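Colleague: Handing you a structure now.
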Amino acid sequence: MITTVLFDLDGTLLPMDQDKFVHSYFRRMAAKVAPLGYEPKALVDGIWAGTAAMVNNDGSRTNEEAFWACFTKQFGEKALADRPVFDEYYRVEFQQVKADCGYNPEAARTVARLKEQGYRVALATNPIFPAVATESRIRWAGLSPEDFLFYTTYENSTHCKPNPAYYEDVLLKLGCPAQECLMVGNDAQEDMAAAEIGMKVFLLTDCLINSSGKDLSAYPQGSFQQLQEYIASL
């Protein structure tokens, strides 16, 4: 029996072209911190290195700590002194990235319907962003952070997708066994990894990502309407 539905955010509740989103995100950040002496290519390389540090996090520290340890290694202690400017970027300039994302009203409607039907709903987005950025993207999708029992950010997480330990962490925080959870996402590798620990999964295909070209025939899949039909059949 499914009691809890976990949703991915980017490409799932918030439609987007991943490449377009990343380009806009980096372009605006580079412009923000250029006056502090960050050369654009070095900045982007540093952020990717920090992201890799989070993806490879062994659980001994938060993703936030893993990122900044790596970023500081590349740019020195100056990076820590500049953190208020990066924080301001997410509050201000990052909000303009909304224009490079899509919008599907069915996302918010589906979350509302599930809650009305008594399901617990949480947000299992890859925790490589600070809370302020995650909360912003939730709102861009027509939802509110308060719509979710819990949502993952780089401050409150110690693993990343597709590491099964990420999903185990989420289950611990929700106090829920895997057999009672359904993970909904658009990434065949990152989101469907939840099946490895016993969760049911549903592949939302509106903004499908299948970078490894894996066979998707085993996964229940489709639109938000098909997701609701699938949940009703469980």
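Letters A, B, ... mark the chains of the structure tokens in the order given; residue numbers begin at 1 per chain; ligand numbers begin at 1, in order shown.
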Within 8 Å of Asp8 (chain A), counting only C-alpha atoms, which residues show up once you throw out same-chain ones fewer than 3 positions away? Write them as JSON, numbers by chain, please.
Modeller: {"A": [11, 12, 13, 123, 124, 125, 126, 183, 184, 185, 186, 191]}
Colleague: Could you give me the residues within region 14-183 of chain A that DSSP places in strand (DSSP E or B), as a list in words?
Modeller: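 Strand (DSSP E or B) members of region 14-183 of chain A, listed: Leu14, Met16, Cys101, Arg120, Val121, Ala122, Leu123, Tyr151, Cys181, Leu182 and Met183 of chain A.
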Colleague: Contacts of Glu180 (chain A) at 12 Å or less, counting only C-alpha atoms, minus same-chain residues fewer than 3 places along, as a ChimeraX atom specification?
Modeller: /A:1-6,119-121,171,174-177,183,197-201,231,234
Colleague: Any idea what's packed within 10 Å of Asn63 (chain A), counting only C-alpha atoms, ignoring anything in its chain fewer than 2 positions away? Could you give it as a VMD selection string?
Modeller: chain A and resid 50 to 51 53 to 61 65 to 69 127 to 130 153 to 160
Colleague: Can those selected residues be exported to a file as a short mmCIF file (atom, residue, chain, number, x, y, z; two decimals), in the first residue's frame so that it contains C-alpha atoms?
Modeller:
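Result saved to result-v2.cif:
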```
data_model
loop_
_atom_site.label_atom_id
_atom_site.label_comp_id
_atom_site.auth_asym_id
_atom_site.auth_seq_id
_atom_site.Cartn_x
_atom_site.Cartn_y
_atom_site.Cartn_z
CA GLY A 50 31.83 21.25 -6.11
CA THR A 51 28.84 19.44 -7.58
CA ALA A 53 32.07 16.57 -4.47
CA MET A 54 28.41 16.51 -3.44
CA VAL A 55 27.54 13.62 -5.75
CA ASN A 56 30.45 11.65 -4.30
CA ASN A 57 29.67 12.61 -0.70
CA ASP A 58 30.08 9.57 1.56
CA GLY A 59 27.59 10.80 4.15
CA SER A 60 30.17 12.08 6.62
CA ARG A 61 29.20 15.72 6.07
CA GLU A 65 30.02 21.33 3.56
CA ALA A 66 31.27 19.12 0.72
CA PHE A 67 30.62 21.83 -1.86
CA TRP A 68 32.27 24.67 0.00
CA ALA A 69 35.28 22.60 1.02
CA PRO A 127 20.15 18.23 -3.13
CA ILE A 128 22.84 20.21 -4.92
CA PHE A 129 21.20 23.62 -4.40
CA PRO A 130 20.76 25.71 -1.25
CA THR A 153 18.46 20.74 -0.07
CA TYR A 154 22.23 20.79 0.14
CA GLU A 155 21.98 21.94 3.76
CA ASN A 156 19.93 18.97 5.00
CA SER A 157 21.36 16.14 2.88
CA THR A 158 24.52 14.04 2.95
CA HIS A 159 24.12 12.11 -0.32
CA CYS A 160 22.93 12.77 -3.88
#
```
Colleague: Would you give me, as a tab-separated table, each residue of region 46-138 of chain A having an atom within 7 Å of an atom of region 18-38 of chain A, along with its shortest atom pair and that distance in Å to one decimal, using only C-alpha atoms and sorting by chain and residue number?
Modeller:
```
residue	atom	partner	partner_atom	distance
A:Tyr89	CA	A:Met29	CA	6.7
A:Glu93	CA	A:Arg28	CA	6.6
A:Phe94	CA	A:Tyr25	CA	6.8
A:Val97	CA	A:Ser24	CA	6.2
A:Asp100	CA	A:Phe21	CA	6.0
A:Cys101	CA	A:Phe21	CA	6.7
```
Colleague: Please save N, CA and C atoms of the selected residues as a short mmCIF file (atom, residue, chain, number, x, y, z; two decimals), in the first residue's frame.
Modeller:
```
data_model
loop_
_atom_site.label_atom_id
_atom_site.label_comp_id
_atom_site.auth_asym_id
_atom_site.auth_seq_id
_atom_site.Cartn_x
_atom_site.Cartn_y
_atom_site.Cartn_z
N TYR A 89 22.86 36.30 -4.84
CA TYR A 89 22.54 35.87 -6.21
C TYR A 89 21.28 35.01 -6.23
N GLU A 93 19.20 37.63 -8.58
CA GLU A 93 19.38 37.35 -10.00
C GLU A 93 18.87 35.97 -10.42
N PHE A 94 19.02 34.99 -9.54
CA PHE A 94 18.56 33.64 -9.86
C PHE A 94 17.07 33.61 -10.18
N VAL A 97 15.95 33.32 -13.74
CA VAL A 97 16.09 32.04 -14.44
C VAL A 97 14.71 31.40 -14.66
N ASP A 100 13.46 30.92 -18.08
CA ASP A 100 14.03 29.86 -18.91
C ASP A 100 13.47 28.49 -18.55
N CYS A 101 12.47 28.45 -17.69
CA CYS A 101 11.79 27.21 -17.31
C CYS A 101 10.37 27.22 -17.85
#
```
Colleague: I need the residue nearest Leu43 (chain A) from this list: A:Tyr151, A:Phe86, A:Tyr167, A:Phe7. Use only C-alpha atoms for the distance.
Modeller: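 Closest to Leu43 (chain A) of all the choices is A:Phe86.
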Colleague: Name the residues of region 70-201 of chain A that fall into helix (DSSP H, G or I) according to DSSP on the backbone, using the chain letters and numbers of this document, as a PyMOL selection string.
Modeller: chain A and resi 70-75+78-81+83-91+93-100+105-116+131-140+145-147+164-174+178-180+192-197
Colleague: Go through A:Glu64, A:Asn163, A:Ala194, A:Ala112 one by one, measure the shortest atom-to-atom distance of each to Cys181 (chain A) using only C-alpha atoms, and give the residue with the smallest value.
Modeller: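 Looking only at the distances to Cys181 (chain A), the closest residue turns out to be A:Ala194.
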Colleague: I need the residue nearest Thr110 (chain A) from this list: A:Ala193, A:Val44, A:Ala141, A:Leu208. Use only C-alpha atoms for the distance.
Modeller: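 Using only C-alpha atoms, the shortest distance to Thr110 (chain A) belongs to A:Ala141.
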Colleague: Which of these, A:Thr62, A:Leu9, A:Trp48, A:Lys41, has the shortest distance to Val111 (chain A) once you count only C-alpha atoms?
Modeller: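 Once distances to Val111 (chain A) are computed over only C-alpha atoms, the minimum belongs to A:Leu9.
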Colleague: Quick one: of A:Ala218, A:Asn210, A:Phe75, A:Ala108, who's nearest to Ala42 (chain A), counting only C-alpha atoms?
Modeller: A:Phe75
Colleague: As a PDB file with N, CA, C and O atoms, in the first residue's frame, please: the residues near Glu135 (chain A) (cut-off 10 Å, only C-alpha atoms, same-chain neighbours under 2 positions excluded).
Modeller:
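And here is the file that came out, selection24.pdb:
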```pdb
ATOM      1  N   PHE A 129      21.480  22.187  -4.491  1.00  0.00           N
ATOM      2  CA  PHE A 129      21.196  23.616  -4.396  1.00  0.00           C
ATOM      3  C   PHE A 129      20.891  23.989  -2.947  1.00  0.00           C
ATOM      4  O   PHE A 129      20.359  23.180  -2.183  1.00  0.00           O
ATOM      5  N   PRO A 130      21.177  25.246  -2.573  1.00  0.00           N
ATOM      6  CA  PRO A 130      20.756  25.712  -1.247  1.00  0.00           C
ATOM      7  C   PRO A 130      19.238  25.821  -1.163  1.00  0.00           C
ATOM      8  O   PRO A 130      18.550  25.883  -2.191  1.00  0.00           O
ATOM      9  N   ALA A 131      18.733  25.873   0.048  1.00  0.00           N
ATOM     10  CA  ALA A 131      17.285  25.909   0.270  1.00  0.00           C
ATOM     11  C   ALA A 131      16.620  27.064  -0.467  1.00  0.00           C
ATOM     12  O   ALA A 131      15.535  26.910  -1.033  1.00  0.00           O
ATOM     13  N   VAL A 132      17.250  28.230  -0.472  1.00  0.00           N
ATOM     14  CA  VAL A 132      16.628  29.400  -1.107  1.00  0.00           C
ATOM     15  C   VAL A 132      16.380  29.142  -2.583  1.00  0.00           C
ATOM     16  O   VAL A 132      15.342  29.557  -3.127  1.00  0.00           O
ATOM     17  N   ALA A 133      17.285  28.427  -3.260  1.00  0.00           N
ATOM     18  CA  ALA A 133      17.106  28.122  -4.681  1.00  0.00           C
ATOM     19  C   ALA A 133      16.041  27.053  -4.877  1.00  0.00           C
ATOM     20  O   ALA A 133      15.242  27.112  -5.821  1.00  0.00           O
ATOM     21  N   ARG A 137      12.391  27.451  -6.887  1.00  0.00           N
ATOM     22  CA  ARG A 137      11.961  26.595  -7.989  1.00  0.00           C
ATOM     23  C   ARG A 137      10.640  25.895  -7.672  1.00  0.00           C
ATOM     24  O   ARG A 137       9.835  25.645  -8.573  1.00  0.00           O
ATOM     25  N   ILE A 138      10.403  25.611  -6.404  1.00  0.00           N
ATOM     26  CA  ILE A 138       9.094  25.070  -6.006  1.00  0.00           C
ATOM     27  C   ILE A 138       8.001  26.079  -6.369  1.00  0.00           C
ATOM     28  O   ILE A 138       6.964  25.719  -6.944  1.00  0.00           O
ATOM     29  N   ARG A 139       8.239  27.342  -6.056  1.00  0.00           N
ATOM     30  CA  ARG A 139       7.239  28.388  -6.342  1.00  0.00           C
ATOM     31  C   ARG A 139       7.068  28.589  -7.846  1.00  0.00           C
ATOM     32  O   ARG A 139       5.949  28.840  -8.313  1.00  0.00           O
ATOM     33  N   TRP A 140       8.158  28.468  -8.601  1.00  0.00           N
ATOM     34  CA  TRP A 140       8.040  28.593 -10.061  1.00  0.00           C
ATOM     35  C   TRP A 140       7.117  27.527 -10.628  1.00  0.00           C
ATOM     36  O   TRP A 140       6.491  27.718 -11.670  1.00  0.00           O
ATOM     37  N   LEU A 143       3.739  25.850  -6.811  1.00  0.00           N
ATOM     38  CA  LEU A 143       3.554  25.207  -5.516  1.00  0.00           C
ATOM     39  C   LEU A 143       4.193  26.038  -4.425  1.00  0.00           C
ATOM     40  O   LEU A 143       4.817  27.069  -4.689  1.00  0.00           O
ATOM     41  N   SER A 144       4.041  25.593  -3.195  1.00  0.00           N
ATOM     42  CA  SER A 144       4.640  26.256  -2.048  1.00  0.00           C
ATOM     43  C   SER A 144       5.485  25.240  -1.287  1.00  0.00           C
ATOM     44  O   SER A 144       5.140  24.053  -1.240  1.00  0.00           O
ATOM     45  N   PRO A 145       6.581  25.680  -0.682  1.00  0.00           N
ATOM     46  CA  PRO A 145       7.370  24.741   0.131  1.00  0.00           C
ATOM     47  C   PRO A 145       6.519  24.025   1.183  1.00  0.00           C
ATOM     48  O   PRO A 145       6.778  22.866   1.511  1.00  0.00           O
ATOM     49  N   GLU A 146       5.488  24.710   1.660  1.00  0.00           N
ATOM     50  CA  GLU A 146       4.624  24.127   2.689  1.00  0.00           C
ATOM     51  C   GLU A 146       3.736  23.007   2.152  1.00  0.00           C
ATOM     52  O   GLU A 146       3.065  22.311   2.936  1.00  0.00           O
ATOM     53  N   TYR A 151      11.527  18.529   2.015  1.00  0.00           N
ATOM     54  CA  TYR A 151      12.197  18.680   0.715  1.00  0.00           C
ATOM     55  C   TYR A 151      13.695  18.733   0.944  1.00  0.00           C
ATOM     56  O   TYR A 151      14.180  19.295   1.919  1.00  0.00           O
ATOM     57  N   THR A 153      17.607  19.646   0.357  1.00  0.00           N
ATOM     58  CA  THR A 153      18.459  20.741  -0.066  1.00  0.00           C
ATOM     59  C   THR A 153      19.902  20.365   0.261  1.00  0.00           C
ATOM     60  O   THR A 153      20.152  19.364   0.940  1.00  0.00           O
TER      61      THR A 153
END
```
Colleague: Would you pick out the contacts of Leu216 (chain A) at 10 Å or less, using only C-alpha atoms, so that residues sharing its chain but fewer than 6 positions from it are not included, and give the list as a PDB file with all heavy atoms, in the first residue's frame?
Modeller:
```
ATOM      1  N   ALA A 188      15.807   8.804 -15.907  1.00  0.00           N
ATOM      2  CA  ALA A 188      15.825   7.343 -15.842  1.00  0.00           C
ATOM      3  C   ALA A 188      16.906   6.799 -14.923  1.00  0.00           C
ATOM      4  O   ALA A 188      16.750   5.727 -14.338  1.00  0.00           O
ATOM      5  CB  ALA A 188      16.006   6.772 -17.251  1.00  0.00           C
ATOM      6  N   MET A 192      14.890   6.756 -11.085  1.00  0.00           N
ATOM      7  CA  MET A 192      14.514   5.339 -11.060  1.00  0.00           C
ATOM      8  C   MET A 192      15.427   4.530 -10.144  1.00  0.00           C
ATOM      9  O   MET A 192      15.131   3.379  -9.808  1.00  0.00           O
ATOM     10  CB  MET A 192      14.508   4.750 -12.463  1.00  0.00           C
ATOM     11  CG  MET A 192      13.524   5.425 -13.438  1.00  0.00           C
ATOM     12  SD  MET A 192      11.773   5.422 -12.911  1.00  0.00           S
ATOM     13  CE  MET A 192      11.600   7.069 -12.178  1.00  0.00           C
ATOM     14  N   LEU A 203       8.015   6.938 -14.116  1.00  0.00           N
ATOM     15  CA  LEU A 203       8.843   7.801 -14.954  1.00  0.00           C
ATOM     16  C   LEU A 203       7.952   8.791 -15.688  1.00  0.00           C
ATOM     17  O   LEU A 203       7.175   8.414 -16.571  1.00  0.00           O
ATOM     18  CB  LEU A 203       9.633   6.943 -15.950  1.00  0.00           C
ATOM     19  CG  LEU A 203      10.656   7.647 -16.831  1.00  0.00           C
ATOM     20  CD1 LEU A 203      11.768   8.283 -15.987  1.00  0.00           C
ATOM     21  CD2 LEU A 203      11.263   6.659 -17.828  1.00  0.00           C
ATOM     22  N   ASN A 210      17.295  10.384 -20.352  1.00  0.00           N
ATOM     23  CA  ASN A 210      17.793   9.005 -20.359  1.00  0.00           C
ATOM     24  C   ASN A 210      19.179   9.031 -20.988  1.00  0.00           C
ATOM     25  O   ASN A 210      19.402   8.488 -22.077  1.00  0.00           O
ATOM     26  CB  ASN A 210      16.848   8.084 -21.121  1.00  0.00           C
ATOM     27  CG  ASN A 210      17.269   6.623 -21.057  1.00  0.00           C
ATOM     28  OD1 ASN A 210      18.061   6.232 -20.191  1.00  0.00           O
ATOM     29  ND2 ASN A 210      16.766   5.817 -21.972  1.00  0.00           N
TER      30      ASN A 210
END
```
Colleague: In Å, how far is it from CA of Ala52 (chain A) to CA of Lys214 (chain A)?
Modeller: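 Rounded to one decimal, the two atoms are 22.4 Å apart.
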Colleague: Please provide the set of residues having any atom within 8 Å of Phe71 (chain A), restricted to only C-alpha atoms, with same-chain residues fewer than 5 positions apart removed, written as a CSV table (one decimal) with N, CA, C and O atoms, in the first residue's frame.
Modeller:
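Full text of selection.csv as output:
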```
chain,number,residue,atom,x,y,z
A,46,GLY,N,34.7,25.4,-11.2
A,46,GLY,CA,34.7,25.3,-9.8
A,46,GLY,C,33.3,24.8,-9.2
A,46,GLY,O,33.3,24.0,-8.3
A,47,ILE,N,32.3,25.3,-9.9
A,47,ILE,CA,30.9,24.8,-9.4
A,47,ILE,C,30.7,23.4,-9.8
A,47,ILE,O,30.2,22.6,-9.0
A,49,ALA,N,33.1,21.1,-10.1
A,49,ALA,CA,33.9,20.4,-9.2
A,49,ALA,C,33.2,20.2,-7.8
A,49,ALA,O,33.2,19.1,-7.2
A,50,GLY,N,32.6,21.3,-7.4
A,50,GLY,CA,31.8,21.2,-6.1
A,50,GLY,C,30.6,20.3,-6.2
A,50,GLY,O,30.3,19.6,-5.2
A,76,GLY,N,40.4,29.5,-2.6
A,76,GLY,CA,41.0,30.0,-1.4
A,76,GLY,C,40.0,30.5,-0.4
A,76,GLY,O,38.8,30.4,-0.7
A,79,ALA,N,36.8,32.7,-1.1
A,79,ALA,CA,35.5,32.2,-1.5
A,79,ALA,C,34.5,32.2,-0.3
A,79,ALA,O,33.3,32.6,-0.5
```
